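Student: Dropping the structure in here first, questions after.
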Amino acid sequence: MLTATYVLLTLSIEQKKERHFISRLLQYVQSIARRPQEIDPVFIESQLKQLTSFAEARHQRKVEACLMPAIRAAEPNCTPLLNDLECLSKRGSAMLNAVYRCLRRAMRRSASQGKFLCKTVDLYCQNLLKRLDKEEQELLPLAQKVISSDEWFEIGSKFLAQDDDDAASRPELRPHRGYSAGYGAASA
């Protein structure tokens, strides 16, 4: 059961990070919506890229690729919940495409396009929050009930492999070579 705890804790921590990204973006968009002439599309784009690279990658690789298939195999009556989550994901992808179209238009500094961009970003974020709520309140409790220890171990192994891949592809997460060499030299 330790592996189940690891998987659920990992998802919980990542969901909190995602909520922080969403909150920060929503706060900016909601505050600037009243002053569309001050909208900074470049800032919104950078925030969206951060959010989507984290949120969509986490959801696709961990929830959709690992957790949902295990739940589907263990509990045949979960189809409506999984269909709802898949629908929210598809709707989110469509909304994200709309956000990027609005973003390109807002780059022209049109006030009406800026307001529409803010509204579209808000809708996308609300969809993400709805998906997170459904995961937290329905999917994860169901997973705890229906997934076996062996399946949790397999899911945990996949999570660890994905985290290793992420660390290898992101230089800021790799161990610094100078640190271990300096540490060894200092203790010798």
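Every chain in the structure tokens has a letter given in the order shown (A, B, ...), and although residue numbers restart at 1 in each chain, ligands are simply numbered from 1 in the order shown.
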Taking the DSSP secondary structure from the backbone, can you list the residues of stretch 3-154 of chain A that are alpha helix (DSSP H), as a ChimeraX atom specification?

Tutor: /A:3-32,41-58,68-74,79-106,111-134,140-146,149-154

Student: Hey, which bits of stretch 114-169 of chain A sit within 12 Å of stretch 94-108 of chain A, and for each residue what's the closest pair of atoms and how far apart in Å (one decimal), counting only C-alpha atoms, rows by chain and increasing number, as CSV?

Tutor:
```
residue,atom,partner,partner_atom,distance
A:Gly114,CA,A:Ala106,CA,5.3
A:Lys115,CA,A:Ala106,CA,8.8
A:Phe116,CA,A:Cys102,CA,7.1
A:Leu117,CA,A:Cys102,CA,5.2
A:Cys118,CA,A:Val99,CA,8.7
A:Lys119,CA,A:Val99,CA,9.1
A:Thr120,CA,A:Val99,CA,5.7
A:Val121,CA,A:Val99,CA,6.0
A:Asp122,CA,A:Val99,CA,9.5
A:Leu123,CA,A:Met95,CA,7.5
A:Tyr124,CA,A:Met95,CA,5.6
A:Cys125,CA,A:Met95,CA,9.3
A:Gln126,CA,A:Met95,CA,10.5
A:Asn127,CA,A:Met95,CA,8.7
A:Leu128,CA,A:Met95,CA,10.2
```

Student: What does the structure give for the distance between atom CA of A:Cys78 and atom CA of A:His20, in Å to one decimal?

Tutor: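 We find that atom CA of A:Cys78 and atom CA of A:His20 lie 29.1 Å from each other.
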
Student: When distances are computed from only C-alpha atoms, which of A:Lys16, A:Lys130, A:Arg72, A:Arg34 shows the smallest separation from A:Phe54?

Tutor: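 Nearest to A:Phe54: A:Lys16.
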
Student: In Å to one decimal, how far is atom CA of A:Ile22 from atom CA of A:Met68?

Tutor: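 Going from atom CA of A:Met68 over to atom CA of A:Ile22, I get 23.2 Å.
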
Student: Between atom CA of A:Ala4 and atom CA of A:Lys145, what is the spacing in Å?

Tutor: 10.7 Å

Student: Tell me which protein, DNA and RNA residues are within 12 Å of A:Thr5, counting only C-alpha atoms, leaving out same-chain ones fewer than 6 positions away, and put them as a ChimeraX atom specification.

Tutor: /A:11-13,140-141,143-144,149,152-153,155-156

Student: Have a look at A:Leu25, A:His59, A:Pro69, A:Glu151 and name the one nearest to A:Ser46; count only C-alpha atoms.

Tutor: A:Leu25
